[in-house]
>>> print(open('model_13.cif').read())   # mmCIF, N, CA and C atoms
data_query
#
loop_
_atom_site.label_atom_id
_atom_site.label_comp_id
_atom_site.auth_asym_id
_atom_site.auth_seq_id
_atom_site.Cartn_x
_atom_site.Cartn_y
_atom_site.Cartn_z
N GLY A 1 0.80 -1.18 0.00
CA GLY A 1 0.00 0.00 0.00
C GLY A 1 0.85 1.26 0.00
N VAL A 2 1.95 1.24 0.75
CA VAL A 2 2.82 2.42 0.81
C VAL A 2 3.50 2.65 -0.53
N SER A 3 3.99 1.60 -1.16
CA SER A 3 4.66 1.79 -2.44
C SER A 3 3.69 2.22 -3.53
N VAL A 4 2.48 1.70 -3.52
CA VAL A 4 1.47 2.15 -4.49
C VAL A 4 1.10 3.60 -4.22
N GLY A 5 0.98 3.98 -2.94
CA GLY A 5 0.69 5.36 -2.58
C GLY A 5 1.78 6.32 -3.01
N LEU A 6 3.04 5.89 -2.91
CA LEU A 6 4.13 6.74 -3.38
C LEU A 6 4.06 6.97 -4.87
N VAL A 7 3.76 5.93 -5.63
CA VAL A 7 3.67 6.07 -7.09
C VAL A 7 2.47 6.94 -7.47
N ILE A 8 1.34 6.71 -6.85
CA ILE A 8 0.14 7.49 -7.17
C ILE A 8 0.31 8.94 -6.77
N GLY A 9 0.99 9.20 -5.66
CA GLY A 9 1.21 10.56 -5.22
C GLY A 9 2.12 11.35 -6.13
N VAL A 10 3.07 10.69 -6.76
CA VAL A 10 4.00 11.38 -7.66
C VAL A 10 3.32 11.81 -8.95
N ILE A 11 2.34 11.06 -9.40
CA ILE A 11 1.63 11.38 -10.64
C ILE A 11 0.70 12.56 -10.38
N PRO A 12 0.87 13.66 -11.11
CA PRO A 12 0.02 14.84 -10.85
C PRO A 12 -1.44 14.56 -11.18
N GLY A 13 -2.32 15.07 -10.34
CA GLY A 13 -3.75 14.95 -10.57
C GLY A 13 -4.38 13.75 -9.90
N LEU A 14 -3.61 12.73 -9.61
CA LEU A 14 -4.16 11.59 -8.88
C LEU A 14 -3.99 11.86 -7.40
N GLY A 15 -5.02 11.58 -6.64
CA GLY A 15 -4.95 11.81 -5.21
C GLY A 15 -5.39 10.58 -4.45
N GLY A 16 -5.82 10.80 -3.22
CA GLY A 16 -6.21 9.69 -2.37
C GLY A 16 -7.43 8.94 -2.86
N ILE A 17 -8.43 9.67 -3.36
CA ILE A 17 -9.66 9.02 -3.82
C ILE A 17 -9.37 8.17 -5.06
N ALA A 18 -8.60 8.71 -5.99
CA ALA A 18 -8.26 7.93 -7.19
C ALA A 18 -7.41 6.72 -6.82
N GLY A 19 -6.50 6.90 -5.88
CA GLY A 19 -5.69 5.77 -5.44
C GLY A 19 -6.51 4.69 -4.78
N LEU A 20 -7.46 5.09 -3.96
CA LEU A 20 -8.33 4.10 -3.33
C LEU A 20 -9.16 3.35 -4.35
N SER A 21 -9.69 4.08 -5.33
CA SER A 21 -10.51 3.41 -6.34
C SER A 21 -9.68 2.50 -7.24
N LEU A 22 -8.41 2.84 -7.47
CA LEU A 22 -7.55 1.95 -8.25
C LEU A 22 -7.16 0.70 -7.47
N LEU A 23 -7.14 0.81 -6.15
CA LEU A 23 -6.71 -0.32 -5.32
C LEU A 23 -7.84 -1.27 -4.96
N ILE A 24 -9.08 -0.88 -5.15
CA ILE A 24 -10.22 -1.70 -4.74
C ILE A 24 -10.23 -3.10 -5.39
N PRO A 25 -9.94 -3.25 -6.69
CA PRO A 25 -9.96 -4.62 -7.24
C PRO A 25 -8.94 -5.56 -6.60
N PHE A 26 -7.85 -5.01 -6.08
CA PHE A 26 -6.84 -5.87 -5.46
C PHE A 26 -7.21 -6.27 -4.03
N LEU A 27 -8.22 -5.62 -3.47
CA LEU A 27 -8.60 -5.91 -2.09
C LEU A 27 -9.53 -7.10 -1.97
N TYR A 28 -10.20 -7.46 -3.06
CA TYR A 28 -11.09 -8.62 -3.01
C TYR A 28 -10.26 -9.88 -2.81
N GLY A 29 -10.68 -10.69 -1.91
CA GLY A 29 -9.96 -11.92 -1.62
C GLY A 29 -8.95 -11.76 -0.50
N MET A 30 -8.68 -10.54 -0.07
CA MET A 30 -7.76 -10.34 1.05
C MET A 30 -8.55 -10.36 2.35
N ASP A 31 -7.88 -10.69 3.44
CA ASP A 31 -8.56 -10.59 4.72
C ASP A 31 -8.70 -9.12 5.11
N GLU A 32 -9.61 -8.85 6.02
CA GLU A 32 -9.98 -7.47 6.32
C GLU A 32 -8.83 -6.65 6.89
N ILE A 33 -8.03 -7.24 7.74
CA ILE A 33 -6.95 -6.50 8.39
C ILE A 33 -5.88 -6.12 7.37
N SER A 34 -5.53 -7.01 6.49
CA SER A 34 -4.53 -6.70 5.47
C SER A 34 -5.05 -5.65 4.49
N ALA A 35 -6.31 -5.75 4.12
CA ALA A 35 -6.90 -4.77 3.20
C ALA A 35 -6.94 -3.38 3.83
N LEU A 36 -7.33 -3.30 5.10
CA LEU A 36 -7.36 -2.02 5.77
C LEU A 36 -5.96 -1.45 5.93
N ALA A 37 -4.99 -2.29 6.24
CA ALA A 37 -3.60 -1.83 6.36
C ALA A 37 -3.09 -1.31 5.02
N MET A 38 -3.47 -1.96 3.94
CA MET A 38 -3.05 -1.51 2.61
C MET A 38 -3.66 -0.15 2.29
N LEU A 39 -4.94 0.03 2.60
CA LEU A 39 -5.59 1.31 2.34
C LEU A 39 -5.00 2.43 3.19
N ILE A 40 -4.73 2.15 4.45
CA ILE A 40 -4.13 3.17 5.32
C ILE A 40 -2.73 3.52 4.85
N GLY A 41 -1.95 2.53 4.43
CA GLY A 41 -0.62 2.79 3.91
C GLY A 41 -0.66 3.64 2.66
N LEU A 42 -1.63 3.40 1.80
CA LEU A 42 -1.76 4.20 0.57
C LEU A 42 -2.11 5.64 0.88
N VAL A 43 -3.10 5.84 1.73
CA VAL A 43 -3.58 7.20 2.01
C VAL A 43 -2.57 7.99 2.84
N ALA A 44 -1.78 7.31 3.65
CA ALA A 44 -0.85 8.00 4.55
C ALA A 44 0.30 8.66 3.81
N VAL A 45 0.74 8.09 2.69
CA VAL A 45 1.93 8.63 2.03
C VAL A 45 1.63 9.53 0.85
N ILE A 46 0.39 9.64 0.43
CA ILE A 46 0.07 10.48 -0.72
C ILE A 46 0.37 11.96 -0.47
N PRO A 47 0.03 12.54 0.70
CA PRO A 47 0.39 13.96 0.89
C PRO A 47 1.89 14.21 0.91
N THR A 48 2.68 13.20 1.22
CA THR A 48 4.13 13.36 1.21
C THR A 48 4.69 13.20 -0.19
N SER A 49 4.20 12.23 -0.94
CA SER A 49 4.79 11.97 -2.25
C SER A 49 4.33 12.94 -3.32
N ASP A 50 3.21 13.64 -3.11
CA ASP A 50 2.81 14.61 -4.12
C ASP A 50 3.64 15.89 -4.04
N THR A 51 4.57 15.94 -3.12
CA THR A 51 5.50 17.07 -3.02
C THR A 51 6.41 17.13 -4.25
N PHE A 52 6.75 15.99 -4.81
CA PHE A 52 7.64 15.97 -5.98
C PHE A 52 7.04 16.74 -7.15
N SER A 53 5.79 16.44 -7.49
CA SER A 53 5.18 17.14 -8.62
C SER A 53 4.90 18.60 -8.28
N SER A 54 4.64 18.90 -7.02
CA SER A 54 4.37 20.28 -6.64
C SER A 54 5.61 21.15 -6.75
N VAL A 55 6.72 20.65 -6.26
CA VAL A 55 7.94 21.45 -6.24
C VAL A 55 8.62 21.44 -7.61
N LEU A 56 8.72 20.30 -8.24
CA LEU A 56 9.52 20.20 -9.47
C LEU A 56 8.77 20.65 -10.72
N MET A 57 7.45 20.43 -10.77
CA MET A 57 6.69 20.78 -11.97
C MET A 57 5.71 21.92 -11.76
N GLY A 58 5.44 22.28 -10.52
CA GLY A 58 4.47 23.34 -10.25
C GLY A 58 3.04 22.91 -10.40
N ILE A 59 2.79 21.60 -10.33
CA ILE A 59 1.44 21.05 -10.47
C ILE A 59 1.09 20.37 -9.15
N PRO A 60 0.04 20.82 -8.47
CA PRO A 60 -0.30 20.15 -7.21
C PRO A 60 -0.80 18.74 -7.47
N GLY A 61 -0.20 17.78 -6.79
CA GLY A 61 -0.63 16.40 -6.94
C GLY A 61 -1.97 16.14 -6.32
N SER A 62 -2.28 16.84 -5.25
CA SER A 62 -3.58 16.74 -4.59
C SER A 62 -3.85 18.07 -3.89
N SER A 63 -4.98 18.15 -3.23
CA SER A 63 -5.32 19.41 -2.57
C SER A 63 -4.40 19.70 -1.40
N ALA A 64 -3.73 18.69 -0.86
CA ALA A 64 -2.83 18.89 0.27
C ALA A 64 -1.55 19.62 -0.12
N SER A 65 -1.24 19.67 -1.40
CA SER A 65 0.04 20.26 -1.81
C SER A 65 -0.12 21.57 -2.56
N GLN A 66 -1.25 22.21 -2.44
CA GLN A 66 -1.43 23.47 -3.15
C GLN A 66 -0.55 24.57 -2.58
N ALA A 67 -0.37 24.61 -1.28
CA ALA A 67 0.51 25.62 -0.68
C ALA A 67 1.97 25.33 -1.01
N THR A 68 2.31 24.07 -1.19
CA THR A 68 3.68 23.72 -1.54
C THR A 68 4.05 24.25 -2.91
N VAL A 69 3.09 24.32 -3.82
CA VAL A 69 3.35 24.86 -5.15
C VAL A 69 3.73 26.34 -5.05
N LEU A 70 3.04 27.06 -4.18
CA LEU A 70 3.28 28.50 -4.07
C LEU A 70 4.67 28.82 -3.55
N ASP A 71 5.20 28.01 -2.66
CA ASP A 71 6.53 28.26 -2.10
C ASP A 71 7.62 27.43 -2.76
N GLY A 72 7.33 26.17 -3.05
CA GLY A 72 8.37 25.26 -3.53
C GLY A 72 8.74 25.44 -4.98
N PHE A 73 7.77 25.67 -5.83
CA PHE A 73 8.08 25.80 -7.27
C PHE A 73 8.94 27.02 -7.57
N PRO A 74 8.69 28.21 -6.97
CA PRO A 74 9.63 29.32 -7.21
C PRO A 74 11.04 29.03 -6.73
N LEU A 75 11.17 28.30 -5.62
CA LEU A 75 12.51 27.91 -5.17
C LEU A 75 13.17 26.96 -6.16
N ALA A 76 12.40 26.05 -6.71
CA ALA A 76 12.96 25.11 -7.69
C ALA A 76 13.41 25.85 -8.95
N ARG A 77 12.69 26.88 -9.34
CA ARG A 77 13.09 27.66 -10.52
C ARG A 77 14.35 28.46 -10.26
N GLN A 78 14.63 28.76 -8.98
CA GLN A 78 15.86 29.46 -8.63
C GLN A 78 17.03 28.51 -8.40
N GLY A 79 16.81 27.22 -8.59
CA GLY A 79 17.87 26.23 -8.42
C GLY A 79 17.97 25.67 -7.01
N GLN A 80 16.97 25.88 -6.19
CA GLN A 80 16.99 25.40 -4.81
C GLN A 80 15.90 24.34 -4.58
N ALA A 81 15.78 23.44 -5.52
CA ALA A 81 14.74 22.41 -5.41
C ALA A 81 15.01 21.47 -4.23
N ALA A 82 16.26 21.14 -3.98
CA ALA A 82 16.58 20.25 -2.86
C ALA A 82 16.20 20.88 -1.53
N ARG A 83 16.40 22.18 -1.42
CA ARG A 83 16.02 22.88 -0.19
C ARG A 83 14.50 22.86 0.00
N ALA A 84 13.76 23.09 -1.06
CA ALA A 84 12.29 23.08 -0.98
C ALA A 84 11.78 21.68 -0.66
N LEU A 85 12.33 20.66 -1.30
CA LEU A 85 11.89 19.28 -1.03
C LEU A 85 12.21 18.87 0.40
N SER A 86 13.41 19.21 0.88
CA SER A 86 13.75 18.82 2.25
C SER A 86 12.88 19.54 3.26
N ALA A 87 12.57 20.80 3.03
CA ALA A 87 11.68 21.52 3.96
C ALA A 87 10.29 20.90 3.97
N ALA A 88 9.80 20.53 2.80
CA ALA A 88 8.47 19.91 2.72
C ALA A 88 8.45 18.55 3.40
N PHE A 89 9.50 17.76 3.22
CA PHE A 89 9.54 16.43 3.82
C PHE A 89 9.71 16.50 5.34
N ILE A 90 10.52 17.43 5.82
CA ILE A 90 10.71 17.58 7.27
C ILE A 90 9.41 18.04 7.92
N SER A 91 8.73 19.01 7.30
CA SER A 91 7.47 19.47 7.88
C SER A 91 6.40 18.38 7.82
N SER A 92 6.42 17.57 6.78
CA SER A 92 5.48 16.46 6.69
C SER A 92 5.75 15.43 7.78
N MET A 93 7.03 15.19 8.07
CA MET A 93 7.38 14.24 9.12
C MET A 93 6.94 14.75 10.49
N PHE A 94 7.23 16.02 10.79
CA PHE A 94 6.81 16.58 12.07
C PHE A 94 5.29 16.58 12.20
N GLY A 95 4.59 16.95 11.15
CA GLY A 95 3.14 16.95 11.19
C GLY A 95 2.57 15.56 11.38
N GLY A 96 3.14 14.57 10.72
CA GLY A 96 2.67 13.20 10.87
C GLY A 96 2.89 12.63 12.25
N VAL A 97 4.08 12.88 12.81
CA VAL A 97 4.37 12.38 14.16
C VAL A 97 3.49 13.09 15.20
N PHE A 98 3.36 14.41 15.08
CA PHE A 98 2.53 15.16 16.02
C PHE A 98 1.07 14.71 15.91
N GLY A 99 0.57 14.53 14.69
CA GLY A 99 -0.80 14.08 14.50
C GLY A 99 -1.03 12.69 15.07
N ALA A 100 -0.07 11.79 14.89
CA ALA A 100 -0.23 10.44 15.43
C ALA A 100 -0.25 10.44 16.95
N VAL A 101 0.59 11.27 17.57
CA VAL A 101 0.61 11.34 19.04
C VAL A 101 -0.70 11.92 19.57
N VAL A 102 -1.16 13.01 18.95
CA VAL A 102 -2.40 13.64 19.39
C VAL A 102 -3.58 12.69 19.17
N LEU A 103 -3.64 12.03 18.03
CA LEU A 103 -4.74 11.10 17.75
C LEU A 103 -4.73 9.93 18.72
N THR A 104 -3.57 9.41 19.04
CA THR A 104 -3.49 8.30 19.99
C THR A 104 -3.99 8.71 21.36
N GLY A 105 -3.59 9.89 21.80
CA GLY A 105 -4.07 10.37 23.10
C GLY A 105 -5.55 10.70 23.08
N PHE A 106 -6.03 11.25 21.98
CA PHE A 106 -7.43 11.65 21.90
C PHE A 106 -8.37 10.45 21.81
N VAL A 107 -7.97 9.40 21.14
CA VAL A 107 -8.83 8.22 21.01
C VAL A 107 -9.06 7.59 22.37
N VAL A 108 -8.04 7.56 23.23
CA VAL A 108 -8.20 6.99 24.56
C VAL A 108 -9.19 7.82 25.37
N ILE A 109 -9.13 9.13 25.24
CA ILE A 109 -10.02 10.01 26.00
C ILE A 109 -11.44 9.99 25.43
N ALA A 110 -11.56 10.00 24.10
CA ALA A 110 -12.87 10.16 23.46
C ALA A 110 -13.60 8.84 23.21
N ARG A 111 -13.00 7.72 23.53
CA ARG A 111 -13.62 6.42 23.24
C ARG A 111 -15.00 6.27 23.87
N PRO A 112 -15.20 6.61 25.13
CA PRO A 112 -16.56 6.46 25.70
C PRO A 112 -17.58 7.36 24.98
N LEU A 113 -17.18 8.55 24.62
CA LEU A 113 -18.10 9.45 23.92
C LEU A 113 -18.45 8.91 22.53
N ILE A 114 -17.46 8.40 21.83
CA ILE A 114 -17.68 7.87 20.49
C ILE A 114 -18.59 6.65 20.53
N LEU A 115 -18.39 5.79 21.50
CA LEU A 115 -19.21 4.58 21.60
C LEU A 115 -20.63 4.87 22.05
N SER A 116 -20.87 6.03 22.66
CA SER A 116 -22.23 6.37 23.10
C SER A 116 -23.08 6.94 21.97
N PHE A 117 -22.49 7.24 20.81
CA PHE A 117 -23.25 7.79 19.69
C PHE A 117 -24.13 6.71 19.09
N GLY A 118 -25.38 7.07 18.86
CA GLY A 118 -26.33 6.18 18.21
C GLY A 118 -26.71 6.72 16.84
N SER A 119 -27.78 6.20 16.29
CA SER A 119 -28.24 6.63 14.97
C SER A 119 -28.70 8.07 14.96
N ALA A 120 -29.38 8.50 16.02
CA ALA A 120 -29.89 9.87 16.06
C ALA A 120 -28.76 10.89 16.11
N GLU A 121 -27.72 10.60 16.88
CA GLU A 121 -26.58 11.52 16.97
C GLU A 121 -25.81 11.58 15.66
N LEU A 122 -25.63 10.44 15.01
CA LEU A 122 -24.94 10.42 13.72
C LEU A 122 -25.75 11.17 12.67
N PHE A 123 -27.07 11.04 12.69
CA PHE A 123 -27.92 11.78 11.76
C PHE A 123 -27.79 13.28 11.99
N MET A 124 -27.78 13.70 13.24
CA MET A 124 -27.65 15.13 13.55
C MET A 124 -26.27 15.66 13.12
N LEU A 125 -25.23 14.86 13.27
CA LEU A 125 -23.90 15.28 12.80
C LEU A 125 -23.89 15.44 11.29
N ALA A 126 -24.52 14.51 10.58
CA ALA A 126 -24.58 14.62 9.13
C ALA A 126 -25.38 15.83 8.70
N LEU A 127 -26.50 16.07 9.36
CA LEU A 127 -27.32 17.25 9.07
C LEU A 127 -26.57 18.54 9.37
N PHE A 128 -25.82 18.55 10.48
CA PHE A 128 -25.02 19.72 10.83
C PHE A 128 -23.94 19.97 9.78
N GLY A 129 -23.29 18.92 9.31
CA GLY A 129 -22.26 19.07 8.28
C GLY A 129 -22.82 19.61 6.98
N LEU A 130 -23.97 19.10 6.55
CA LEU A 130 -24.60 19.60 5.33
C LEU A 130 -25.05 21.05 5.48
N SER A 131 -25.55 21.41 6.66
CA SER A 131 -25.97 22.80 6.86
C SER A 131 -24.76 23.74 6.88
N MET A 132 -23.64 23.29 7.41
CA MET A 132 -22.44 24.13 7.39
C MET A 132 -21.92 24.33 5.97
N VAL A 133 -22.03 23.32 5.13
CA VAL A 133 -21.66 23.48 3.73
C VAL A 133 -22.57 24.50 3.07
N ALA A 134 -23.85 24.44 3.36
CA ALA A 134 -24.81 25.39 2.77
C ALA A 134 -24.53 26.81 3.26
N VAL A 135 -24.19 26.96 4.54
CA VAL A 135 -23.89 28.29 5.07
C VAL A 135 -22.64 28.85 4.43
N LEU A 136 -21.62 28.04 4.27
CA LEU A 136 -20.37 28.52 3.68
C LEU A 136 -20.48 28.77 2.19
N ALA A 137 -21.36 28.05 1.51
CA ALA A 137 -21.49 28.21 0.07
C ALA A 137 -22.39 29.37 -0.30
N GLY A 138 -23.32 29.74 0.55
CA GLY A 138 -24.27 30.81 0.23
C GLY A 138 -23.88 32.15 0.81
N ARG A 139 -24.68 33.14 0.49
CA ARG A 139 -24.43 34.49 0.99
C ARG A 139 -25.19 34.78 2.27
N SER A 140 -26.36 34.18 2.42
CA SER A 140 -27.21 34.47 3.57
C SER A 140 -27.17 33.30 4.54
N LEU A 141 -27.04 33.62 5.82
CA LEU A 141 -27.01 32.58 6.84
C LEU A 141 -28.35 31.88 6.97
N ALA A 142 -29.43 32.64 6.82
CA ALA A 142 -30.77 32.05 6.91
C ALA A 142 -31.03 31.12 5.73
#
>>> encode(input="model_13.cif", output="structure tokens")
Amino acid sequence: GVSVGLVIGVIPGLGGIAGLSLLIPFLYGMDEISALAMLIGLVAVIPTSDTFSSVLMGIPGSSASQATVLDGFPLARQGQAARALSAAFISSMFGGVFGAVVLTGFVVIARPLILSFGSAELFMLALFGLSMVAVLAGRSLA
């Protein structure tokens, strides 16, 4: 999953959703744990590997690398592509480690709350999410 994610991330325009849909035929016949591990490995490395196309070609590989294009591509045009790539990879590493630590701590704390959610609460969360999209997309709050 990680190696497929690296290849998909390098190709401009393909992102996590396209990678997942390309990997689905290979998941049939696998046990659930291996299939889930493959999907997580694919999705985890795409924001890191799309840095290559963002910095070197100026094309964002996915939505996660749009800011990298703004800073990294001008540096690459000035001959400092290695500096831009190393900064992007170091920040990706720090963000990944920090996110994993925070998520691990938060899951232990939030587990009772998450398990107490039923169908009504999930429906209200979905309704709240759709209403927030409508509020942000429109001009009037009402």
>>> resolve_selection(input="model_13.cif", expression="the PyMOL selection byres ((chain A and resi 61-75) around 6)", output="VMD selection string")
chain A and resid 9 11 to 15 47 50 53 to 56 58 to 60 76 to 81 84
>>> atom_distance(input="model_13.cif", atom1="atom N of A:Val45", atom2="atom N of A:Gly96")
10.6 Å
>>> resolve_selection(input="model_13.cif", expression="the PyMOL selection byres (((chain A and resi 20-28 and name CA) around 10) and name CA)", output="count of residues only")
21
>>> atom_distance(input="model_13.cif", atom1="atom CA of A:Val97", atom2="atom CA of A:Ile109")
18.8 Å
>>> closest_residue(input="model_13.cif", among="A:Gly138, A:Gly41, A:Phe52, A:Leu127", to="A:Ser86", atoms="only C-alpha atoms")
A:Phe52
>>> atom_distance(input="model_13.cif", atom1="atom CA of A:Ser119", atom2="atom CA of A:Ser131")
18.2 Å
>>> select_by_dssp(input="model_13.cif", residues="chain A", states="helix (DSSP H, G or I)", output="PyMOL selection string")
chain A and resi 2-10+16-27+32-49+51-57+63-77+81-115+119-137
>>> closest_residue(input="model_13.cif", among="A:Phe117, A:Phe106, A:Phe123, A:Phe89", to="A:Thr51", atoms="only N, CA and C atoms")
A:Phe89
>>> decode(input="model_13.cif", residues="stretch 54-86 of chain A", atoms="N, CA and C atoms", output="PDB file, in the first residue's frame")
ATOM      1  N   SER A  54       4.641  18.896  -7.024  1.00  0.00           N
ATOM      2  CA  SER A  54       4.371  20.281  -6.638  1.00  0.00           C
ATOM      3  C   SER A  54       5.614  21.147  -6.747  1.00  0.00           C
ATOM      4  N   VAL A  55       6.718  20.654  -6.263  1.00  0.00           N
ATOM      5  CA  VAL A  55       7.944  21.449  -6.245  1.00  0.00           C
ATOM      6  C   VAL A  55       8.617  21.442  -7.614  1.00  0.00           C
ATOM      7  N   LEU A  56       8.722  20.303  -8.242  1.00  0.00           N
ATOM      8  CA  LEU A  56       9.522  20.200  -9.468  1.00  0.00           C
ATOM      9  C   LEU A  56       8.772  20.646 -10.719  1.00  0.00           C
ATOM     10  N   MET A  57       7.448  20.429 -10.769  1.00  0.00           N
ATOM     11  CA  MET A  57       6.691  20.781 -11.968  1.00  0.00           C
ATOM     12  C   MET A  57       5.708  21.919 -11.765  1.00  0.00           C
ATOM     13  N   GLY A  58       5.438  22.285 -10.523  1.00  0.00           N
ATOM     14  CA  GLY A  58       4.473  23.344 -10.250  1.00  0.00           C
ATOM     15  C   GLY A  58       3.039  22.906 -10.398  1.00  0.00           C
ATOM     16  N   ILE A  59       2.787  21.605 -10.335  1.00  0.00           N
ATOM     17  CA  ILE A  59       1.436  21.047 -10.470  1.00  0.00           C
ATOM     18  C   ILE A  59       1.086  20.366  -9.153  1.00  0.00           C
ATOM     19  N   PRO A  60       0.043  20.817  -8.469  1.00  0.00           N
ATOM     20  CA  PRO A  60      -0.299  20.147  -7.212  1.00  0.00           C
ATOM     21  C   PRO A  60      -0.801  18.736  -7.472  1.00  0.00           C
ATOM     22  N   GLY A  61      -0.204  17.783  -6.787  1.00  0.00           N
ATOM     23  CA  GLY A  61      -0.627  16.403  -6.945  1.00  0.00           C
ATOM     24  C   GLY A  61      -1.973  16.142  -6.319  1.00  0.00           C
ATOM     25  N   SER A  62      -2.284  16.840  -5.251  1.00  0.00           N
ATOM     26  CA  SER A  62      -3.583  16.744  -4.592  1.00  0.00           C
ATOM     27  C   SER A  62      -3.849  18.067  -3.894  1.00  0.00           C
ATOM     28  N   SER A  63      -4.981  18.150  -3.233  1.00  0.00           N
ATOM     29  CA  SER A  63      -5.323  19.406  -2.569  1.00  0.00           C
ATOM     30  C   SER A  63      -4.395  19.704  -1.401  1.00  0.00           C
ATOM     31  N   ALA A  64      -3.732  18.690  -0.863  1.00  0.00           N
ATOM     32  CA  ALA A  64      -2.834  18.895   0.271  1.00  0.00           C
ATOM     33  C   ALA A  64      -1.554  19.622  -0.124  1.00  0.00           C
ATOM     34  N   SER A  65      -1.237  19.665  -1.396  1.00  0.00           N
ATOM     35  CA  SER A  65       0.036  20.255  -1.809  1.00  0.00           C
ATOM     36  C   SER A  65      -0.116  21.570  -2.559  1.00  0.00           C
ATOM     37  N   GLN A  66      -1.247  22.209  -2.442  1.00  0.00           N
ATOM     38  CA  GLN A  66      -1.432  23.474  -3.152  1.00  0.00           C
ATOM     39  C   GLN A  66      -0.551  24.574  -2.584  1.00  0.00           C
ATOM     40  N   ALA A  67      -0.366  24.614  -1.280  1.00  0.00           N
ATOM     41  CA  ALA A  67       0.513  25.618  -0.685  1.00  0.00           C
ATOM     42  C   ALA A  67       1.971  25.328  -1.005  1.00  0.00           C
ATOM     43  N   THR A  68       2.309  24.069  -1.193  1.00  0.00           N
ATOM     44  CA  THR A  68       3.683  23.716  -1.539  1.00  0.00           C
ATOM     45  C   THR A  68       4.051  24.252  -2.911  1.00  0.00           C
ATOM     46  N   VAL A  69       3.092  24.316  -3.816  1.00  0.00           N
ATOM     47  CA  VAL A  69       3.355  24.864  -5.149  1.00  0.00           C
ATOM     48  C   VAL A  69       3.729  26.337  -5.051  1.00  0.00           C
ATOM     49  N   LEU A  70       3.040  27.065  -4.179  1.00  0.00           N
ATOM     50  CA  LEU A  70       3.275  28.502  -4.068  1.00  0.00           C
ATOM     51  C   LEU A  70       4.672  28.825  -3.546  1.00  0.00           C
ATOM     52  N   ASP A  71       5.205  28.007  -2.662  1.00  0.00           N
ATOM     53  CA  ASP A  71       6.529  28.261  -2.100  1.00  0.00           C
ATOM     54  C   ASP A  71       7.623  27.432  -2.758  1.00  0.00           C
ATOM     55  N   GLY A  72       7.333  26.169  -3.049  1.00  0.00           N
ATOM     56  CA  GLY A  72       8.374  25.258  -3.529  1.00  0.00           C
ATOM     57  C   GLY A  72       8.740  25.439  -4.981  1.00  0.00           C
ATOM     58  N   PHE A  73       7.767  25.670  -5.835  1.00  0.00           N
ATOM     59  CA  PHE A  73       8.075  25.798  -7.265  1.00  0.00           C
ATOM     60  C   PHE A  73       8.941  27.018  -7.573  1.00  0.00           C
ATOM     61  N   PRO A  74       8.692  28.207  -6.973  1.00  0.00           N
ATOM     62  CA  PRO A  74       9.627  29.317  -7.215  1.00  0.00           C
ATOM     63  C   PRO A  74      11.042  29.033  -6.727  1.00  0.00           C
ATOM     64  N   LEU A  75      11.166  28.298  -5.620  1.00  0.00           N
ATOM     65  CA  LEU A  75      12.507  27.913  -5.166  1.00  0.00           C
ATOM     66  C   LEU A  75      13.169  26.964  -6.156  1.00  0.00           C
ATOM     67  N   ALA A  76      12.400  26.049  -6.712  1.00  0.00           N
ATOM     68  CA  ALA A  76      12.963  25.111  -7.692  1.00  0.00           C
ATOM     69  C   ALA A  76      13.411  25.851  -8.950  1.00  0.00           C
ATOM     70  N   ARG A  77      12.686  26.879  -9.342  1.00  0.00           N
ATOM     71  CA  ARG A  77      13.085  27.661 -10.520  1.00  0.00           C
ATOM     72  C   ARG A  77      14.355  28.461 -10.255  1.00  0.00           C
ATOM     73  N   GLN A  78      14.634  28.761  -8.984  1.00  0.00           N
ATOM     74  CA  GLN A  78      15.864  29.461  -8.627  1.00  0.00           C
ATOM     75  C   GLN A  78      17.028  28.506  -8.397  1.00  0.00           C
ATOM     76  N   GLY A  79      16.811  27.217  -8.591  1.00  0.00           N
ATOM     77  CA  GLY A  79      17.869  26.232  -8.421  1.00  0.00           C
ATOM     78  C   GLY A  79      17.968  25.674  -7.013  1.00  0.00           C
ATOM     79  N   GLN A  80      16.968  25.879  -6.190  1.00  0.00           N
ATOM     80  CA  GLN A  80      16.986  25.396  -4.812  1.00  0.00           C
ATOM     81  C   GLN A  80      15.899  24.345  -4.579  1.00  0.00           C
ATOM     82  N   ALA A  81      15.777  23.439  -5.517  1.00  0.00           N
ATOM     83  CA  ALA A  81      14.735  22.406  -5.405  1.00  0.00           C
ATOM     84  C   ALA A  81      15.005  21.473  -4.230  1.00  0.00           C
ATOM     85  N   ALA A  82      16.262  21.142  -3.982  1.00  0.00           N
ATOM     86  CA  ALA A  82      16.584  20.250  -2.864  1.00  0.00           C
ATOM     87  C   ALA A  82      16.196  20.883  -1.533  1.00  0.00           C
ATOM     88  N   ARG A  83      16.395  22.178  -1.418  1.00  0.00           N
ATOM     89  CA  ARG A  83      16.016  22.882  -0.195  1.00  0.00           C
ATOM     90  C   ARG A  83      14.500  22.861  -0.005  1.00  0.00           C
ATOM     91  N   ALA A  84      13.757  23.089  -1.064  1.00  0.00           N
ATOM     92  CA  ALA A  84      12.292  23.076  -0.976  1.00  0.00           C
ATOM     93  C   ALA A  84      11.776  21.677  -0.656  1.00  0.00           C
ATOM     94  N   LEU A  85      12.334  20.656  -1.302  1.00  0.00           N
ATOM     95  CA  LEU A  85      11.893  19.281  -1.034  1.00  0.00           C
ATOM     96  C   LEU A  85      12.212  18.870   0.395  1.00  0.00           C
ATOM     97  N   SER A  86      13.407  19.211   0.881  1.00  0.00           N
ATOM     98  CA  SER A  86      13.754  18.816   2.246  1.00  0.00           C
ATOM     99  C   SER A  86      12.882  19.537   3.264  1.00  0.00           C
TER     100      SER A  86
END
